[in-house]
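J.: My structure is stored as target-v1.cif, with mmCIF, C-alpha atoms.
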data_upload
#
loop_
_atom_site.label_atom_id
_atom_site.label_comp_id
_atom_site.auth_asym_id
_atom_site.auth_seq_id
_atom_site.Cartn_x
_atom_site.Cartn_y
_atom_site.Cartn_z
CA MET A 178 97.89 96.51 100.00
CA THR A 179 97.32 98.63 103.10
CA CYS A 180 95.83 102.12 102.90
CA GLU A 181 99.18 103.70 103.75
CA GLN A 182 100.93 101.79 100.95
CA THR A 183 98.15 102.72 98.55
CA ARG A 184 98.34 106.44 99.31
CA LEU A 185 102.11 106.55 99.09
CA LEU A 186 101.94 104.85 95.69
CA ILE A 187 99.24 107.23 94.49
CA GLY A 188 101.21 110.23 95.76
CA ALA A 189 104.26 109.11 93.78
CA GLU A 190 102.39 107.95 90.64
CA PRO A 191 98.76 109.13 90.55
CA ASP A 192 98.02 107.33 87.27
CA THR A 193 99.53 103.96 88.16
CA THR A 194 97.12 101.01 87.75
CA THR A 195 98.60 97.88 89.27
CA ALA A 196 96.31 94.93 89.96
CA ALA A 197 96.86 95.19 93.72
CA LEU A 198 96.07 98.91 93.69
CA LEU A 199 92.86 98.50 91.69
CA GLU A 200 91.71 95.68 93.97
CA HIS A 201 92.25 97.87 97.03
CA LEU A 202 90.49 100.88 95.48
CA GLN A 203 87.41 98.79 94.72
CA SER A 204 86.97 98.02 98.41
CA CYS A 205 88.17 101.32 99.92
CA PRO A 206 86.16 104.46 99.10
CA GLU A 207 88.51 106.67 101.12
CA CYS A 208 91.58 105.72 99.07
CA SER A 209 89.57 105.99 95.86
CA ARG A 210 88.55 109.52 96.82
CA PHE A 211 92.17 110.33 97.68
CA ARG A 212 93.31 109.25 94.21
CA ASP A 213 90.68 111.48 92.63
CA GLN A 214 91.94 114.43 94.67
CA VAL A 215 95.57 113.82 93.74
CA ARG A 216 94.66 113.48 90.07
CA ALA A 217 92.72 116.73 90.23
CA PHE A 218 95.75 118.49 91.70
CA GLU A 219 97.91 117.10 88.91
CA VAL A 220 95.49 118.39 86.27
CA ASN A 221 95.66 121.85 87.84
CA ILE A 222 99.45 121.77 87.68
CA ARG A 223 99.39 120.84 83.98
CA ARG A 224 96.93 123.60 83.21
CA ALA A 225 99.07 126.13 85.07
CA LEU A 226 102.11 125.11 83.06
CA GLU A 227 100.40 124.94 79.68
CA GLN A 228 98.09 127.95 79.89
CA PRO A 229 98.96 130.67 82.39
CA PRO A 230 96.11 133.05 83.23
CA LEU A 231 96.11 136.33 81.28
CA SER A 232 94.78 139.66 82.52
CA SER A 233 92.45 141.86 80.49
CA ALA A 234 95.43 144.06 79.64
CA ALA A 235 97.44 141.13 78.30
CA ALA A 236 96.73 142.14 74.71
CA VAL A 237 98.44 145.51 75.17
CA PRO A 238 102.08 145.35 74.03
CA ARG A 239 104.54 145.69 76.88
CA PRO A 240 108.27 146.22 77.08
CA ALA A 241 110.36 143.07 76.98
CA ALA A 242 111.37 143.48 80.62
CA ARG A 243 107.70 143.44 81.70
CA ARG A 244 106.84 140.42 79.53
CA GLN A 245 109.53 138.37 81.22
CA GLY A 246 107.40 138.35 84.35
CA VAL A 247 104.76 136.09 82.80
CA PRO A 248 106.81 132.87 82.97
CA TRP A 249 107.65 133.63 86.60
CA ARG A 250 103.96 134.00 87.49
CA GLN A 251 103.28 130.78 85.62
CA TRP A 252 105.85 128.84 87.63
CA ALA A 253 104.74 130.48 90.88
CA LEU A 254 101.17 129.29 90.28
CA ALA A 255 102.37 125.78 89.45
CA ALA A 256 104.53 125.74 92.58
CA SER A 257 101.60 126.80 94.77
CA VAL A 258 99.40 124.02 93.36
CA THR A 259 102.20 121.49 93.86
CA PHE A 260 102.64 122.61 97.46
CA ALA A 261 98.91 122.23 98.06
CA MET A 262 98.99 118.70 96.68
CA PHE A 263 101.84 117.59 98.93
CA ALA A 264 100.28 119.35 101.92
CA ALA A 265 97.08 117.37 101.36
CA LEU A 266 99.10 114.17 101.07
CA LEU A 267 100.93 114.87 104.34
CA VAL A 268 97.73 115.71 106.20
CA TRP A 269 96.17 112.48 104.96
CA LEU A 270 99.15 110.38 106.05
CA LEU A 271 99.68 112.13 109.38
CA ARG A 272 96.12 111.54 110.61
CA PRO A 273 96.00 107.70 110.63
CA SER A 274 93.54 107.38 113.53
CA GLU A 275 90.89 109.49 111.78
CA THR A 276 91.38 107.58 108.55
CA LEU A 277 91.21 104.27 110.42
CA ALA A 278 87.93 105.25 112.06
CA ARG A 279 86.42 106.20 108.70
CA GLU A 280 87.47 102.91 107.17
CA VAL A 281 86.03 100.94 110.10
CA VAL A 282 82.70 102.73 109.62
CA ALA A 283 82.85 102.20 105.85
CA HIS A 284 83.46 98.48 106.42
CA VAL A 285 80.51 98.15 108.80
CA GLU A 286 78.28 100.00 106.33
CA SER A 287 79.40 97.65 103.56
CA GLU A 288 78.08 94.70 105.58
CA PRO A 289 74.60 95.84 106.70
CA GLN A 290 73.57 92.22 107.27
CA SER A 291 75.89 92.12 110.27
CA LEU A 292 73.67 94.55 112.20
CA LEU A 293 70.45 92.88 111.04
CA ALA A 294 71.39 89.35 112.09
CA THR A 295 69.27 87.91 114.91
CA GLU A 296 70.37 84.27 115.22
CA HIS A 297 72.85 83.48 117.96
CA VAL A 298 76.36 82.42 116.98
CA THR A 299 77.63 79.26 118.66
CA ALA A 300 80.55 79.38 121.09
CA ALA A 301 82.54 77.14 118.73
CA ASP A 302 82.06 79.55 115.82
CA ILE A 303 83.06 82.52 117.97
CA ALA A 304 86.22 80.72 119.07
CA LYS A 305 87.00 79.89 115.44
CA VAL A 306 86.70 83.54 114.38
CA LEU A 307 88.85 84.73 117.29
CA ARG A 308 91.53 82.08 116.83
CA GLY A 309 94.89 83.76 116.29
CA SER A 310 93.57 87.25 117.11
CA GLY A 311 95.12 87.33 120.58
CA VAL A 312 91.85 88.06 122.38
CA GLU A 313 88.98 86.31 124.13
CA LEU A 314 85.41 87.56 124.38
CA ASP A 315 83.89 87.38 127.87
CA VAL A 316 80.36 87.42 126.51
CA ALA A 317 77.76 84.66 126.49
CA SER A 318 77.40 83.30 122.97
CA ASP A 319 73.65 84.02 122.98
CA ARG A 320 74.49 87.74 122.87
CA VAL A 321 76.61 87.41 119.72
CA THR A 322 74.58 87.54 116.51
CA PHE A 323 77.36 87.95 113.97
CA ALA A 324 80.94 86.63 113.86
CA SER A 325 83.15 86.60 110.81
CA ASN A 326 86.73 87.08 109.68
CA CYS A 327 86.64 90.04 107.28
CA TRP A 328 89.25 91.43 104.89
CA PHE A 329 90.32 94.82 106.21
CA ARG A 330 93.45 96.78 105.33
CA GLY A 331 95.29 93.81 103.95
CA HIS A 332 94.42 91.33 106.71
CA TYR A 333 91.56 89.14 107.89
CA VAL A 334 90.23 90.56 111.17
CA PRO A 335 87.52 89.34 113.58
CA HIS A 336 84.27 91.25 113.11
CA LEU A 337 81.57 90.58 115.71
CA VAL A 338 78.21 92.06 116.66
CA VAL A 339 77.13 91.90 120.31
CA GLN A 340 73.56 92.59 121.39
CA THR A 341 73.26 95.12 124.24
CA THR A 342 70.56 97.18 125.91
CA ARG A 343 71.34 99.97 123.45
CA GLY A 344 71.10 97.66 120.44
CA PRO A 345 73.74 95.91 118.31
CA VAL A 346 77.34 96.93 118.94
CA THR A 347 80.12 96.09 116.48
CA VAL A 348 83.53 94.92 117.67
CA MET A 349 86.50 94.66 115.31
CA ILE A 350 89.85 93.30 116.50
CA LEU A 351 92.56 95.15 114.57
CA ARG A 352 95.69 93.21 115.43
CA HIS A 353 97.75 94.96 112.73
CA GLU A 354 96.62 98.51 113.53
CA HIS A 355 98.41 100.39 116.32
CA VAL A 356 97.19 103.63 117.92
CA GLY A 357 98.99 105.62 120.58
CA SER A 358 95.93 106.45 122.66
CA ARG A 359 92.20 105.97 122.95
CA GLN A 360 90.41 107.64 120.01
CA ARG A 361 86.72 108.56 120.01
CA PHE A 362 84.95 109.21 116.73
CA HIS A 363 81.58 110.12 115.21
CA GLU A 364 81.22 109.28 111.55
CA ALA A 365 78.28 108.74 109.19
CA GLY A 366 75.76 108.46 112.03
CA MET A 367 77.92 106.07 114.04
CA SER A 368 79.75 106.65 117.31
CA GLY A 369 82.68 104.60 118.46
CA VAL A 370 86.08 104.31 120.02
CA ILE A 371 89.39 102.83 118.91
CA VAL A 372 91.29 101.41 121.86
CA PRO A 373 94.97 100.43 121.95
CA GLY A 374 95.55 96.85 123.07
CA ALA A 375 98.36 94.53 124.02
CA ALA A 376 98.71 93.59 120.35
CA GLY A 377 97.20 96.05 117.90
CA SER A 378 93.92 97.79 118.66
CA MET A 379 90.18 97.29 118.84
CA ALA A 380 87.28 99.28 117.39
CA VAL A 381 83.89 99.33 119.15
CA LEU A 382 81.05 101.22 117.51
CA ALA A 383 77.28 101.51 117.26
CA ARG A 384 74.79 103.56 115.33
CA GLY A 385 73.81 106.88 116.91
CA GLY A 386 74.33 108.10 120.47
CA GLY A 387 77.61 108.62 122.29
CA VAL A 388 80.44 106.26 123.09
CA GLU A 389 79.68 105.96 126.82
CA GLY A 390 77.42 102.97 126.32
CA LEU A 391 80.19 101.11 124.50
CA VAL A 392 82.45 100.82 127.54
CA ASP A 393 80.82 97.62 128.82
CA VAL A 394 81.40 95.84 125.53
CA GLU A 395 84.94 97.17 125.37
CA HIS A 396 85.67 95.56 128.74
CA ASP A 397 84.25 92.25 127.53
CA VAL A 398 87.23 91.87 125.20
CA ARG A 399 90.27 90.45 126.98
CA TRP A 400 93.75 90.60 125.48
CA LEU A 401 95.72 87.40 125.99
CA PRO A 402 99.38 87.14 127.05
CA HIS A 403 101.80 86.90 124.13
CA GLY A 404 98.97 87.69 121.69
CA ARG A 405 97.85 84.08 121.36
CA SER A 406 94.47 82.40 121.60
#
Mind turning this structure into structure tokens?

T.:
Amino acid sequence: MTCEQTRLLIGAEPDTTTAALLEHLQSCPECSRFRDQVRAFEVNIRRALEQPPLSSAAAVPRPAARRQGVPWRQWALAASVTFAMFAALLVWLLRPSETLAREVVAHVESEPQSLLATEHVTAADIAKVLRGSGVELDVASDRVTFASNCWFRGHYVPHLVVQTTRGPVTVMILRHEHVGSRQRFHEAGMSGVIVPGAAGSMAVLARGGGVEGLVDVEHDVRWLPHGRS
């Protein structure tokens, strides 16, 4: 399942527990947090419906006409909580680039060995990882210290680490993720950029600093005609 599919399913049925959903939540902290938020909203709605708040003067008998206002306040509170829940859902879904950046960072953090690797990856292994991605890497193989196809948002994507003067830089080829424009981000101590490509997009990021030093690595990735390699 993709993150978008997961969030739409959670928004419709917060308590659903399909095998595909649980598998995705185990590997995606952002979607897991989103489910917790939606469930919390749902609990607030139930509480508003079952036990409306009472003022200190609630024990004083009131005319029937005044008492009829209590159910209305109860439903108004429930409606406001419901609106907040759907507003949060819409904000989450309408900011895909920010969510994508967070998930890229989360993926890199889940594989700390990628940034610690020091042995050079052979040209043959790099070509194997990039096969079918629609890109070529114009970098000498002795600068690449990590190359793997990783599971990300429902697809296997090339994940490489290139050694530069500023240290290791991560490159992820996101063939199935499309962005309308170049997106810079700073998340969890990492700086990076998501760049639209001929087929999908590419994320380039490194720990600390700004994104200016990532431009050279970004230009080392060449998109192929027709998206083939």

J.: Could you tell me which residues the PyMOL selection byres ((chain A and resi 299) around 12) grabs in this file, written as an mmCIF file with C-alpha atoms, in the coordinates of the input?

T.:
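Wrote selection.cif, looks like this:
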data_model
loop_
_atom_site.group_PDB
_atom_site.id
_atom_site.type_symbol
_atom_site.label_atom_id
_atom_site.label_comp_id
_atom_site.auth_asym_id
_atom_site.auth_seq_id
_atom_site.Cartn_x
_atom_site.Cartn_y
_atom_site.Cartn_z
ATOM 1 C CA GLU A 296 70.370 84.270 115.220
ATOM 2 C CA HIS A 297 72.850 83.480 117.960
ATOM 3 C CA VAL A 298 76.360 82.420 116.980
ATOM 4 C CA ALA A 300 80.550 79.380 121.090
ATOM 5 C CA ALA A 301 82.540 77.140 118.730
ATOM 6 C CA ASP A 302 82.060 79.550 115.820
ATOM 7 C CA ILE A 303 83.060 82.520 117.970
ATOM 8 C CA ALA A 304 86.220 80.720 119.070
ATOM 9 C CA LYS A 305 87.000 79.890 115.440
ATOM 10 C CA VAL A 306 86.700 83.540 114.380
ATOM 11 C CA VAL A 316 80.360 87.420 126.510
ATOM 12 C CA ALA A 317 77.760 84.660 126.490
ATOM 13 C CA SER A 318 77.400 83.300 122.970
ATOM 14 C CA ASP A 319 73.650 84.020 122.980
ATOM 15 C CA ARG A 320 74.490 87.740 122.870
ATOM 16 C CA VAL A 321 76.610 87.410 119.720
ATOM 17 C CA THR A 322 74.580 87.540 116.510
ATOM 18 C CA PHE A 323 77.360 87.950 113.970
ATOM 19 C CA ALA A 324 80.940 86.630 113.860
#

J.: Take atom CA of A:Ile350 and atom CA of A:Ala380 and report the distance between them in Å, one decimal.

T.: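 Taking atom CA of A:Ile350 and atom CA of A:Ala380, their separation equals 6.6 Å.
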
J.: Of the residues A:Ala217, A:Gln340, A:Arg399, A:Val281, which is the one nearest to A:Ser368, using only C-alpha atoms?

T.: A:Val281

J.: When you look at A:Val381 with a cut-off of 8 Å (counting all atoms listed in the file), what residues show up, excluding the ones that are within fewer than 3 positions of it in the same chain? I need them as a CSV table (one decimal) with C-alpha atoms, in the frame of the given file.

T.:
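As written to disk, selection.csv reads:
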chain,number,residue,atom,x,y,z
A,346,VAL,CA,77.3,96.9,118.9
A,347,THR,CA,80.1,96.1,116.5
A,348,VAL,CA,83.5,94.9,117.7
A,349,MET,CA,86.5,94.7,115.3
A,369,GLY,CA,82.7,104.6,118.5
A,370,VAL,CA,86.1,104.3,120.0
A,371,ILE,CA,89.4,102.8,118.9
A,391,LEU,CA,80.2,101.1,124.5
A,394,VAL,CA,81.4,95.8,125.5
A,395,GLU,CA,84.9,97.2,125.4

J.: Can you work out which one of A:Leu401, A:Ala383, A:Val356, A:Val220 has the shortest atom-to-atom distance to A:Gly311, counting all atoms listed in the file?

T.: A:Leu401

J.: Once the PyMOL selection byres ((chain A and resi 335) around 10) is applied to the coordinates I shared, what remains selected? I want it as JSON, numbers by chain.

T.: {"A": [303, 305, 306, 307, 308, 309, 310, 312, 324, 325, 326, 327, 328, 329, 332, 333, 334, 336, 337, 348, 349, 350, 351, 352, 379]}

J.: Write a file of the selected residues as a short mmCIF file (atom, residue, chain, number, x, y, z; two decimals), in the coordinates of the input, keeping C-alpha atoms.

T.:
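So the final result, stored in out-v2.cif, reads:
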data_model
loop_
_atom_site.label_atom_id
_atom_site.label_comp_id
_atom_site.auth_asym_id
_atom_site.auth_seq_id
_atom_site.Cartn_x
_atom_site.Cartn_y
_atom_site.Cartn_z
CA ILE A 303 83.06 82.52 117.97
CA LYS A 305 87.00 79.89 115.44
CA VAL A 306 86.70 83.54 114.38
CA LEU A 307 88.85 84.73 117.29
CA ARG A 308 91.53 82.08 116.83
CA GLY A 309 94.89 83.76 116.29
CA SER A 310 93.57 87.25 117.11
CA VAL A 312 91.85 88.06 122.38
CA ALA A 324 80.94 86.63 113.86
CA SER A 325 83.15 86.60 110.81
CA ASN A 326 86.73 87.08 109.68
CA CYS A 327 86.64 90.04 107.28
CA TRP A 328 89.25 91.43 104.89
CA PHE A 329 90.32 94.82 106.21
CA HIS A 332 94.42 91.33 106.71
CA TYR A 333 91.56 89.14 107.89
CA VAL A 334 90.23 90.56 111.17
CA HIS A 336 84.27 91.25 113.11
CA LEU A 337 81.57 90.58 115.71
CA VAL A 348 83.53 94.92 117.67
CA MET A 349 86.50 94.66 115.31
CA ILE A 350 89.85 93.30 116.50
CA LEU A 351 92.56 95.15 114.57
CA ARG A 352 95.69 93.21 115.43
CA MET A 379 90.18 97.29 118.84
#

J.: Record the distance separating atom CA of A:His355 and atom CA of A:Val398, expressed in Å with one decimal.

T.: 16.6 Å
